[in-house]
Amino acid sequence: MEQRRLFKGKRTRTPVGDAIVRLSGVSKRYAGGTLALNDVSLEVRAGEFFSLLGPSGCGKTTLLRILAGFEEPDSGRVEIAGVDARGLPPYRRPVNMVFQNYALFPHMNVCANVAFGLRMKRVPEDELRQRVAWALELVDIEQLAQRRPHELSGGQRQRVALARALVNEPEVLLLDEPLGALDYKLRKQLQVELMNLQEELGITFVYVTHDQEEALVMSDRIAVMRAGRIEQLDFPEAIYERPATAFVAQFLGTSNLIRAAYAGERLLQTPLGKLRVARPVKTGERYLISIRPEKIRLSREPIHRENTVRVRVDDIIYTGAENQYLLEAAGTELVAYTLNSDIQEPGFEEFDYDEYVYAHLPAENLVVIDEPA
Ligand code: ATP
C-alpha cells in the first residue's frame with residue numbers, strides 16, 4: 001500500500017505503549033435516574049485500537065462523552081495522556097470525536113468544515129491550509145473540498161467528519177459508531193480504511209460499536225459492556241474463544257450453553273450426560289458450559305471417545321459457506337456448523353433431516369463458565 005506522508009512527519013506505526021487513557025471507578029447517573037456507568041475501570045494503551053462493544057443502552061456513548069469532556073462523571077477518576085481530565089473542557093483535551101450522524105455544519109463547504117477547529121484555535125492561515133490539505137488527502141476527498149454536506153454521500157460525509165477530527169492531530173480519536181449509518185459493503189470498505197489509517201498515524205482509537213463482527217475484525221482489544229459495567233476486557237480471540245460469562249458467549253457470535261454440575265475433578269454432569277472439561281471444577285458447584293457451533297464435530301460413524309453424544313438432526317440451514325445443523329438430544333438443543341467443503345475431501349459428510357448422528361464435543365473446546373444455571 002502507498003504510504004501517505006504525515007503532517008508532522010511522524011513515523012508510520014506507534015507501537016502499543018503505556019496507558020494513554022485511564023478510568024478508575026467511573027460512575028454516571030443521568031437526571032432521569034438511569035445509572036449509565038457503574039464503577040467502570042479500564043486502561044487504553046497508546047497506539048491501540050480499542051473497542052467498546054455492547055447492546056444499545058449499555059453506556060458506550062456515555063463513556064465516550066466522558067472522555068471527550070461532554071459529560072462529567074459523578075465519581076471516579078479520568079486521566080488522559082497523564083493529565084487528570086476533571087473540569088477540562090473538550091477543546092483543552094487531546095481528543096477528538098467522530099459521530100455516527102457526522103455532525104457537519106450544513107452551511108459550510110468541506111474545506112471550511114475541516115478547517116473550523118483550526119480557525120477556532122487561531123492557527124496561522126498558511127499552516128491551516130497545509131493541514132487541511134493534508135487531512136483531505138488522508139481520507140481521499142481532496143476533489144470534494146468545495147462541496148457542501150448535502151452534496152455528499154453518507155460515506156463521503158463520514159470521511160469529512162474524520163478529516164475534521166484528524167486535522168487537529170488528536171492523541172486519542174473517539175469514534176461513536178462511525179459506520180453505523182452506512183450500508184454493508186461501504187462499511188466493510190471503510191473498516192479496512194480506518195484500520196489502515198489508524199496504523200499509519202499511530203493514533204489511539206477508542207471505537208464504539210454494537211456490531212460484534214466489526215469489533216472482532218478491527219480491534220486490538222475489546223471491552224464488552226452490559227448495563228453500565230464491563231463484562232469482559234481482552235483480545236478479540238480471547239473474548240471469542242474464552243467468553244467469561246454467558247452474556248459474552250451469546251453476544252459475540254453463536255454459542256451453545258449447557259447447564260452443568262460438578263461430577264468429578266474435571267467432569268460435569270449435563271443433560272447430555274457426563275462431559276469431561278479441561279479445567280478443574282469444584283464439588284457442589286453449578287456451571288454453564290459454552291461451546292461454539294464450529295467446534296462440534298459431527299459423524300455418521302460412532303466415535304468411540306468420551307464427550308460424544310448421539311443427537312438427532314432437527315433442521316438444516318444452508319448458508320453457502322456452511323451447513324448449520326440444529327440438533328436435539330435429551331431435550332437439549334445444539335447448533336453445529338460444518339464447512340461446506342469439497343465433497344471429494346476425506347471426512348466430508350452431509351447429514352439428513354431426522355438422522356441420528358454422533359456429536360463430539362472436545363474437552364478443550366468446552367468453556368466452563370462460573371455461573372449458576
Ligand atoms: P446505543 O448503542 O443505543 O447508542 P449506548 O450503549 O451508547 O447505547 P448510552 O447512550 O451511553 O448507551 O446510554 C446509557 C443509558 O443512559 C441508556 O439507558 C440511556 O437511555 C441513558 N441516557 C443516555 N443519555 C441520557 C441523557 N442525556 N439523559 C438521561 N438518560 C440518558
# chains A, B, ... in the order shown; residues from 1 in each chain; ligands from 1
call {"tool": "closest_atom_pairs", "arguments": {"of": "chain A", "to": "ligand 1", "cutoff": "8 Å", "atoms": "only C-alpha atoms and all ligand atoms", "output": "JSON lines"}}
result
{"residue": "A:Arg29", "atom": "CA", "partner": "ligand 1", "partner_atom_place_in_ligand_line": "16 (O)", "distance": 7.7}
{"residue": "A:Tyr30", "atom": "CA", "partner": "ligand 1", "partner_atom_place_in_ligand_line": "29 (C)", "distance": 4.7}
{"residue": "A:Ala31", "atom": "CA", "partner": "ligand 1", "partner_atom_place_in_ligand_line": "29 (C)", "distance": 5.8}
{"residue": "A:Gly32", "atom": "CA", "partner": "ligand 1", "partner_atom_place_in_ligand_line": "29 (C)", "distance": 5.3}
{"residue": "A:Gly33", "atom": "CA", "partner": "ligand 1", "partner_atom_place_in_ligand_line": "29 (C)", "distance": 7.3}
{"residue": "A:Thr34", "atom": "CA", "partner": "ligand 1", "partner_atom_place_in_ligand_line": "16 (O)", "distance": 5.6}
{"residue": "A:Leu35", "atom": "CA", "partner": "ligand 1", "partner_atom_place_in_ligand_line": "16 (O)", "distance": 6.6}
{"residue": "A:Ala36", "atom": "CA", "partner": "ligand 1", "partner_atom_place_in_ligand_line": "16 (O)", "distance": 4.3}
{"residue": "A:Leu37", "atom": "CA", "partner": "ligand 1", "partner_atom_place_in_ligand_line": "14 (C)", "distance": 7.4}
{"residue": "A:Gly54", "atom": "CA", "partner": "ligand 1", "partner_atom_place_in_ligand_line": "6 (O)", "distance": 6.3}
{"residue": "A:Pro55", "atom": "CA", "partner": "ligand 1", "partner_atom_place_in_ligand_line": "2 (O)", "distance": 5.9}
{"residue": "A:Ser56", "atom": "CA", "partner": "ligand 1", "partner_atom_place_in_ligand_line": "3 (O)", "distance": 3.5}
{"residue": "A:Gly57", "atom": "CA", "partner": "ligand 1", "partner_atom_place_in_ligand_line": "12 (O)", "distance": 3.4}
{"residue": "A:Cys58", "atom": "CA", "partner": "ligand 1", "partner_atom_place_in_ligand_line": "6 (O)", "distance": 3.8}
{"residue": "A:Gly59", "atom": "CA", "partner": "ligand 1", "partner_atom_place_in_ligand_line": "11 (O)", "distance": 3.2}
{"residue": "A:Lys60", "atom": "CA", "partner": "ligand 1", "partner_atom_place_in_ligand_line": "6 (O)", "distance": 3.9}
{"residue": "A:Thr61", "atom": "CA", "partner": "ligand 1", "partner_atom_place_in_ligand_line": "7 (O)", "distance": 3.6}
{"residue": "A:Thr62", "atom": "CA", "partner": "ligand 1", "partner_atom_place_in_ligand_line": "11 (O)", "distance": 3.7}
{"residue": "A:Leu63", "atom": "CA", "partner": "ligand 1", "partner_atom_place_in_ligand_line": "11 (O)", "distance": 6.5}
{"residue": "A:Val208", "atom": "CA", "partner": "ligand 1", "partner_atom_place_in_ligand_line": "7 (O)", "distance": 7.7}
{"residue": "A:Thr209", "atom": "CA", "partner": "ligand 1", "partner_atom_place_in_ligand_line": "2 (O)", "distance": 7.1}
{"residue": "A:His210", "atom": "CA", "partner": "ligand 1", "partner_atom_place_in_ligand_line": "2 (O)", "distance": 6.1}
{"residue": "A:Met225", "atom": "CA", "partner": "ligand 1", "partner_atom_place_in_ligand_line": "6 (O)", "distance": 7.9}
{"residue": "A:Ala227", "atom": "CA", "partner": "ligand 1", "partner_atom_place_in_ligand_line": "14 (C)", "distance": 7.8}
{"residue": "A:Gly228", "atom": "CA", "partner": "ligand 1", "partner_atom_place_in_ligand_line": "14 (C)", "distance": 7.1}
call {"tool": "closest_atom_pairs", "arguments": {"of": "segment 127-245 of chain A", "to": "segment 107-122 of chain A", "cutoff": "9 Å", "atoms": "only C-alpha atoms", "output": "JSON lines"}}
result
{"residue": "A:Leu128", "atom": "CA", "partner": "A:Leu118", "partner_atom": "CA", "distance": 6.5}
{"residue": "A:Arg129", "atom": "CA", "partner": "A:Ala115", "partner_atom": "CA", "distance": 8.0}
{"residue": "A:Arg131", "atom": "CA", "partner": "A:Ala115", "partner_atom": "CA", "distance": 8.4}
{"residue": "A:Val132", "atom": "CA", "partner": "A:Ala115", "partner_atom": "CA", "distance": 6.1}
{"residue": "A:Ala133", "atom": "CA", "partner": "A:Cys111", "partner_atom": "CA", "distance": 8.5}
{"residue": "A:Ala135", "atom": "CA", "partner": "A:Val114", "partner_atom": "CA", "distance": 8.0}
{"residue": "A:Leu136", "atom": "CA", "partner": "A:Val114", "partner_atom": "CA", "distance": 8.1}
{"residue": "A:Ile141", "atom": "CA", "partner": "A:Val110", "partner_atom": "CA", "distance": 9.0}
{"residue": "A:Glu142", "atom": "CA", "partner": "A:Cys111", "partner_atom": "CA", "distance": 9.0}
{"residue": "A:Leu144", "atom": "CA", "partner": "A:Val110", "partner_atom": "CA", "distance": 6.9}
{"residue": "A:Ala145", "atom": "CA", "partner": "A:Val110", "partner_atom": "CA", "distance": 4.9}
{"residue": "A:Gln146", "atom": "CA", "partner": "A:Asn109", "partner_atom": "CA", "distance": 5.4}
{"residue": "A:Arg147", "atom": "CA", "partner": "A:Asn109", "partner_atom": "CA", "distance": 5.1}
{"residue": "A:Arg148", "atom": "CA", "partner": "A:Asn109", "partner_atom": "CA", "distance": 4.2}
{"residue": "A:Pro149", "atom": "CA", "partner": "A:Asn109", "partner_atom": "CA", "distance": 6.8}
{"residue": "A:Arg157", "atom": "CA", "partner": "A:Val110", "partner_atom": "CA", "distance": 8.8}
{"residue": "A:Val160", "atom": "CA", "partner": "A:Val110", "partner_atom": "CA", "distance": 6.6}
{"residue": "A:Ala161", "atom": "CA", "partner": "A:Val114", "partner_atom": "CA", "distance": 7.6}
{"residue": "A:Leu162", "atom": "CA", "partner": "A:Val114", "partner_atom": "CA", "distance": 8.8}
{"residue": "A:Ala163", "atom": "CA", "partner": "A:Val114", "partner_atom": "CA", "distance": 6.2}
{"residue": "A:Arg164", "atom": "CA", "partner": "A:Val114", "partner_atom": "CA", "distance": 4.1}
{"residue": "A:Ala165", "atom": "CA", "partner": "A:Val114", "partner_atom": "CA", "distance": 7.8}
{"residue": "A:Leu166", "atom": "CA", "partner": "A:Val114", "partner_atom": "CA", "distance": 8.9}
{"residue": "A:Val167", "atom": "CA", "partner": "A:Val114", "partner_atom": "CA", "distance": 7.1}
{"residue": "A:Asn168", "atom": "CA", "partner": "A:Leu118", "partner_atom": "CA", "distance": 7.0}
call {"tool": "residues_around", "arguments": {"residues": "Leu190 of chain A", "least_positions_apart": "3", "cutoff": "10 Å", "atoms": "only C-alpha atoms", "output": "list in words"}}
result
Gly155, Gln158, Arg159, Pro178, Leu179, Leu182, Tyr184, Lys185, Leu186, Arg187, Glu193, Leu194, Met195 and Asn196 of chain A
call {"tool": "write_last_selection", "arguments": {"atoms": "N, CA, C and O atoms", "output": "CSV table (one decimal), in the first residue's frame"}}
result
chain,number,residue,atom,x,y,z
A,155,GLY,N,-21.0,8.0,3.0
A,155,GLY,CA,-19.6,7.6,3.2
A,155,GLY,C,-18.7,8.8,3.0
A,155,GLY,O,-17.7,8.9,3.8
A,158,GLN,N,-18.9,11.0,6.1
A,158,GLN,CA,-18.1,10.4,7.2
A,158,GLN,C,-16.6,10.6,7.0
A,158,GLN,O,-15.9,10.8,8.0
A,159,ARG,N,-16.2,10.7,5.8
A,159,ARG,CA,-14.7,11.0,5.5
A,159,ARG,C,-14.5,12.4,5.9
A,159,ARG,O,-13.4,12.7,6.5
A,178,PRO,N,-19.1,5.1,13.9
A,178,PRO,CA,-18.9,6.0,12.8
A,178,PRO,C,-19.5,5.3,11.5
A,178,PRO,O,-19.8,6.1,10.5
A,179,LEU,N,-19.6,4.0,11.4
A,179,LEU,CA,-20.0,3.4,10.2
A,179,LEU,C,-21.4,2.9,10.3
A,179,LEU,O,-21.9,2.2,9.4
A,182,LEU,N,-24.1,3.4,7.4
A,182,LEU,CA,-23.7,3.1,6.0
A,182,LEU,C,-24.1,1.7,5.7
A,182,LEU,O,-24.3,0.8,6.6
A,184,TYR,N,-23.8,-2.2,4.1
A,184,TYR,CA,-22.9,-3.3,4.5
A,184,TYR,C,-21.5,-3.2,3.7
A,184,TYR,O,-20.5,-3.2,4.3
A,185,LYS,N,-21.6,-3.0,2.4
A,185,LYS,CA,-20.4,-3.0,1.5
A,185,LYS,C,-19.5,-1.9,1.9
A,185,LYS,O,-18.3,-2.0,2.0
A,186,LEU,N,-20.1,-0.7,2.0
A,186,LEU,CA,-19.4,0.5,2.3
A,186,LEU,C,-18.7,0.4,3.7
A,186,LEU,O,-17.6,0.8,3.9
A,187,ARG,N,-19.5,-0.2,4.6
A,187,ARG,CA,-19.0,-0.4,6.0
A,187,ARG,C,-17.7,-1.2,5.9
A,187,ARG,O,-16.7,-0.9,6.6
A,193,GLU,N,-10.2,0.8,5.6
A,193,GLU,CA,-9.5,2.1,5.5
A,193,GLU,C,-9.2,2.7,6.9
A,193,GLU,O,-8.2,3.2,7.1
A,194,LEU,N,-10.2,2.5,7.8
A,194,LEU,CA,-10.0,3.1,9.2
A,194,LEU,C,-8.8,2.3,9.9
A,194,LEU,O,-8.0,2.9,10.5
A,195,MET,N,-8.8,1.0,9.7
A,195,MET,CA,-7.7,0.2,10.3
A,195,MET,C,-6.3,0.7,9.7
A,195,MET,O,-5.4,0.8,10.5
A,196,ASN,N,-6.3,0.9,8.4
A,196,ASN,CA,-5.0,1.3,7.8
A,196,ASN,C,-4.6,2.7,8.3
A,196,ASN,O,-3.4,2.9,8.6
call {"tool": "closest_residue", "arguments": {"among": "A:Gly17, A:Pro106, A:Pro271, A:Pro293", "to": "Ser255 of chain A", "atoms": "only C-alpha atoms"}}
result
A:Pro293
call {"tool": "select_by_dssp", "arguments": {"residues": "segment 252-349 of chain A", "states": "strand (DSSP E)", "output": "count of residues only"}}
result
53
